[in-house]
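Everything on this sheet refers to the single structure shown next.
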Amino acid sequence: MNSLVAFALGLIVVFVGYRLYAGWFERLVVRPDAERTTPASMYMDGVDFIPTSKNVLFGYQFKSIAGAAPVVGAIMAAQWGWLPAMLWLFFGAALFGWIHDYSSAMMSLRNDGMTFGGLSHRLLSPRARLILLAFIYFYLLLVAGAFGAIVSGLLAKQGAAMLGLIALTAAGVLAGQMIYRWKRDIVLTSIVTVAIAVGGIVAGTYVPAGALMGRAAANQTLWALFTFFFCYLGAALPIWRFAQPVNYVAFYVVFLGLIGGALGTLVGRPGFTLPAFTQPVIAIGPIWPMLFVTLACGAVSGWHSLVSSSGTARQLERETDAKPVAAGSMFAEMLLGLLALVTAAVAFSGRAEYAEMMKPGGPGAGAVFAIGMGKLLAFIGVPPALGRTFAAVLIVVLAITVMQLVLRFMRIATSELVGDFLPPLRNVHLATLVAAGLAFFLVQTGWWQYLWVLFGGANQLMASLALLLVTIWLMTRGRCVLFTGLPMIFMFVTTIGALAFTAYQLLSKVTQGLVAGAVVVGNTLMALVAVFLIAAALSLAADGIGAFLRLRRERVQHPEAAPAE
Amino acid sequence: MSNRSQKRKEQKPGGLLQGLREFMYGMAVHDTTRLALKTRASMEHLFILITLGDLLGVPILPPYYSLRLLPYVVPQISTWKRRMLREKDLTDSLA
């Protein structure tokens, strides 16, 4: 397979999925009305509810959903071969992903811009809100753990990324100071800070961490501590001081890298060196159900529903803008996942080197991306070593910028959920340390691929819960529920299966004495988190079935009652 | 000009270049702008709550300063009330 052919196929999927299927679903099922007043106009407060251009919102939604997950997931899924990964990317995005993102946005739009907490309370049951919030907390814990493992593993193996990351952090802090304190022009600020970040990446290529730190540069525990200290600053400091301006500068680095990678593919047109299919069962498990949780964000992801409902739906100027914004962003993310798959498929001369990178204790998916992206950037004249460093920094910032926001949310959630029972946890620093400590423990005691699968499982379970809410909502409107109901059932069964399988694997290693020391605690903790997620999802599903039956009964008893929006 | 082409023209005021500029703005700066607005709104709403909290049932003792400030905060009272009284939970802070 040639990489250019892969992208051509991807574009065909976008055309069929967006123009035909999404257009048809929008017209016949959701029936948006361009003239209807949206919450952004109805409740305009100039802050959360504010009518915004669909082009701006498309950029906002895409940036909010595109993190490290579509990149790492696609590279990991290539362990089964590039064909299963590509097929799931295409079919997942075209049949599951866009409909999930779009209908989540529309459901919130038609319910006064309500977020998932309120929607689950209204559509399922009063207890569903609390269960959902607890679910989201553990889901975010797994995000922080999985991303932390990727970042610390990559920094330990790719020391060249260290200076780039430090320069980018310094540039971000400087950006915050220039914008908010010195009131400098945003264009000048951007030029200066991006130049500093890129300068740091170039310098890091020639002065890797090993040259400055000696053998300590390869110590993953040290890098895990560094990663969580970075996230602690992002979560505990005022957001304008650290998290937000660092993310702002990081955006340009990521954007430049991805555009360069896409251009490199266009110019170089490299062929795939990985086999189309390897074997049905790999180290993390069988292709079903594990592939569908390993590759999450490029195909379908629960995170998107949270962004669609909490952020985007409150800013849509017209109901008809929801399709280009939410569905359009999902298809754009599918193309990002495809680019990541291409980097894995062209990175090496054969499968053996790729397998060596992915085995336990190996550098992992982040390093595969760095090597593959370095190769693509070389086609447009970027020196290979610099390209690899740039790509390593890119994947690190994609992960770490999300991590600091996740820990920030976990800090707020910790103090909100248990602050009444444990008043010390209302303290900003203590709540942040608890959240960061839990994630750090997962990183230190778990194999990153298991951690990733658990994160993917939680993510996909979130997606199936979102589809459940959407299905119930469509039912209350008297609309066809097949197109959201069937994906919901598939995602629900598959992800419950994947989480149960992973929990069994983890616990069986403990009971058979195959692991020792802190790993025993780590495996047990991860298995317990998986069991909790399954129990929470089943409880929400039971509430969903209750709501479904209640609605069906009402419709039989009062067939003439017209549903009101 | 037909209705459809007129509608299309209304929907695309700046064409492709304008669309690209807005897309870049959305990716790079929109979050920053929202954050600045949220920060300002939080400060202003806190201020209004302290001075005009009796509008929401929060007892405010000396009404003198509230009355002096009233003309300046009148434009914001409706959005302030809406934000203060809107049902919120943790998922609000996710995006």
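The way I read the labels, and the way they are meant: chains A, B, ... in the order of the structure tokens, residue 1 as the first residue of every chain, and ligand 1 as the first ligand shown, with later ones counted on from there.
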
Per residue of chain B within 10 Å of chain A, record the nearest atom pair and its distance in Å to one decimal, counting only C-alpha atoms, with rows in chain order and ascending residue number, as a tab-separated table.
```
residue	atom	partner	partner_atom	distance
B:Gln18	CA	A:Asn55	CA	8.9
B:Gly19	CA	A:Asn55	CA	5.8
B:Leu20	CA	A:Asn55	CA	7.6
B:Arg21	CA	A:Val56	CA	8.5
B:Glu22	CA	A:Val56	CA	4.8
B:Phe23	CA	A:Gly59	CA	4.7
B:Met24	CA	A:Gly59	CA	6.3
B:Tyr25	CA	A:Val56	CA	6.3
B:Gly26	CA	A:Val56	CA	4.1
B:Met27	CA	A:Gly59	CA	4.3
B:Ala28	CA	A:Tyr248	CA	6.4
B:Val29	CA	A:Tyr248	CA	7.4
B:His30	CA	A:Tyr60	CA	6.6
B:Asp31	CA	A:Tyr60	CA	7.2
B:Thr32	CA	A:Gln244	CA	7.0
B:Thr33	CA	A:Val47	CA	9.3
B:Arg34	CA	A:Val47	CA	6.5
B:Leu35	CA	A:Trp240	CA	8.0
B:Ala36	CA	A:Trp240	CA	8.3
B:Leu37	CA	A:Val47	CA	5.6
B:Lys38	CA	A:Val47	CA	5.6
B:Thr39	CA	A:Val47	CA	9.2
B:Arg40	CA	A:Val47	CA	9.1
B:Ala41	CA	A:Val47	CA	7.1
B:Ser42	CA	A:Val47	CA	9.7
B:Gln76	CA	A:Asp45	CA	8.7
B:Ser78	CA	A:Asp45	CA	8.6
B:Thr79	CA	A:Asp45	CA	5.1
B:Trp80	CA	A:Asp45	CA	7.8
B:Lys81	CA	A:Asp45	CA	9.9
B:Arg82	CA	A:Tyr43	CA	7.7
B:Arg83	CA	A:Asp45	CA	7.5
B:Arg86	CA	A:Met114	CA	9.7
B:Glu87	CA	A:Gly118	CA	7.9
B:Lys88	CA	A:Gly118	CA	7.8
B:Asp89	CA	A:Gly117	CA	6.4
B:Leu90	CA	A:Ala413	CA	6.7
B:Thr91	CA	A:Gly117	CA	6.1
B:Asp92	CA	A:Ser310	CA	5.7
B:Ser93	CA	A:Phe409	CA	7.3
B:Leu94	CA	A:Ser310	CA	6.5
B:Ala95	CA	A:Gly311	CA	4.8
```

Tell me, which residues of segment 21-80 of chain B carry DSSP alpha helix (DSSP H), written as a PDB file with C-alpha atoms, in the first residue's frame?
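Writing the result to states_20.pdb gives the following:
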```
ATOM      1  CA  ARG B  21      -8.455  32.740   8.892  1.00  0.00           C
ATOM      2  CA  GLU B  22     -11.395  31.942  11.146  1.00  0.00           C
ATOM      3  CA  PHE B  23     -10.373  28.283  11.284  1.00  0.00           C
ATOM      4  CA  MET B  24      -6.847  29.231  12.366  1.00  0.00           C
ATOM      5  CA  TYR B  25      -8.257  31.638  14.922  1.00  0.00           C
ATOM      6  CA  GLY B  26     -10.496  28.871  16.243  1.00  0.00           C
ATOM      7  CA  MET B  27      -7.584  26.496  16.663  1.00  0.00           C
ATOM      8  CA  ALA B  28      -5.068  28.955  18.056  1.00  0.00           C
ATOM      9  CA  HIS B  30     -10.497  31.008  20.498  1.00  0.00           C
ATOM     10  CA  ASP B  31      -9.810  29.113  23.718  1.00  0.00           C
ATOM     11  CA  THR B  32      -7.645  31.973  24.986  1.00  0.00           C
ATOM     12  CA  THR B  33     -10.389  34.467  24.240  1.00  0.00           C
ATOM     13  CA  ARG B  34     -12.976  32.351  26.043  1.00  0.00           C
ATOM     14  CA  LEU B  35     -10.682  32.045  29.008  1.00  0.00           C
ATOM     15  CA  ALA B  36     -10.169  35.800  29.207  1.00  0.00           C
ATOM     16  CA  LEU B  37     -13.936  36.335  28.982  1.00  0.00           C
ATOM     17  CA  LYS B  38     -14.578  33.749  31.677  1.00  0.00           C
ATOM     18  CA  THR B  39     -12.015  35.299  33.986  1.00  0.00           C
ATOM     19  CA  ARG B  40     -13.478  38.765  33.522  1.00  0.00           C
ATOM     20  CA  ALA B  41     -17.022  37.493  33.931  1.00  0.00           C
ATOM     21  CA  SER B  42     -16.141  35.673  37.154  1.00  0.00           C
ATOM     22  CA  MET B  43     -14.647  38.837  38.646  1.00  0.00           C
ATOM     23  CA  GLU B  44     -17.545  41.011  37.529  1.00  0.00           C
ATOM     24  CA  HIS B  45     -20.152  38.548  38.725  1.00  0.00           C
ATOM     25  CA  LEU B  46     -18.491  38.266  42.090  1.00  0.00           C
ATOM     26  CA  PHE B  47     -18.507  42.035  42.342  1.00  0.00           C
ATOM     27  CA  ILE B  48     -22.184  42.241  41.415  1.00  0.00           C
ATOM     28  CA  LEU B  49     -23.025  39.464  43.871  1.00  0.00           C
ATOM     29  CA  ILE B  50     -21.331  41.407  46.646  1.00  0.00           C
ATOM     30  CA  THR B  51     -23.030  44.672  45.814  1.00  0.00           C
ATOM     31  CA  LEU B  52     -26.412  43.553  44.444  1.00  0.00           C
ATOM     32  CA  PRO B  63     -27.933  49.580  50.049  1.00  0.00           C
ATOM     33  CA  TYR B  64     -26.252  52.977  49.566  1.00  0.00           C
ATOM     34  CA  TYR B  65     -23.355  51.737  47.425  1.00  0.00           C
ATOM     35  CA  SER B  66     -25.600  49.295  45.597  1.00  0.00           C
ATOM     36  CA  LEU B  67     -27.803  52.181  44.497  1.00  0.00           C
ATOM     37  CA  ARG B  68     -24.803  54.280  43.513  1.00  0.00           C
ATOM     38  CA  LEU B  69     -23.432  51.413  41.397  1.00  0.00           C
ATOM     39  CA  LEU B  70     -26.776  50.340  39.961  1.00  0.00           C
ATOM     40  CA  PRO B  71     -26.671  52.482  36.773  1.00  0.00           C
ATOM     41  CA  TYR B  72     -23.296  50.988  35.842  1.00  0.00           C
ATOM     42  CA  VAL B  73     -24.292  47.352  36.272  1.00  0.00           C
ATOM     43  CA  VAL B  74     -27.802  47.500  34.822  1.00  0.00           C
ATOM     44  CA  PRO B  75     -26.672  46.232  31.383  1.00  0.00           C
ATOM     45  CA  GLN B  76     -25.145  43.152  32.983  1.00  0.00           C
ATOM     46  CA  ILE B  77     -27.857  42.226  35.437  1.00  0.00           C
ATOM     47  CA  SER B  78     -29.799  39.896  33.150  1.00  0.00           C
ATOM     48  CA  THR B  79     -26.762  37.851  32.060  1.00  0.00           C
ATOM     49  CA  TRP B  80     -25.433  37.851  35.618  1.00  0.00           C
TER      50      TRP B  80
END
```

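The gap separating atom CA of Thr389 of chain A from atom CA of Gly164 of chain A is 8.1 Å, in Å to one decimal.
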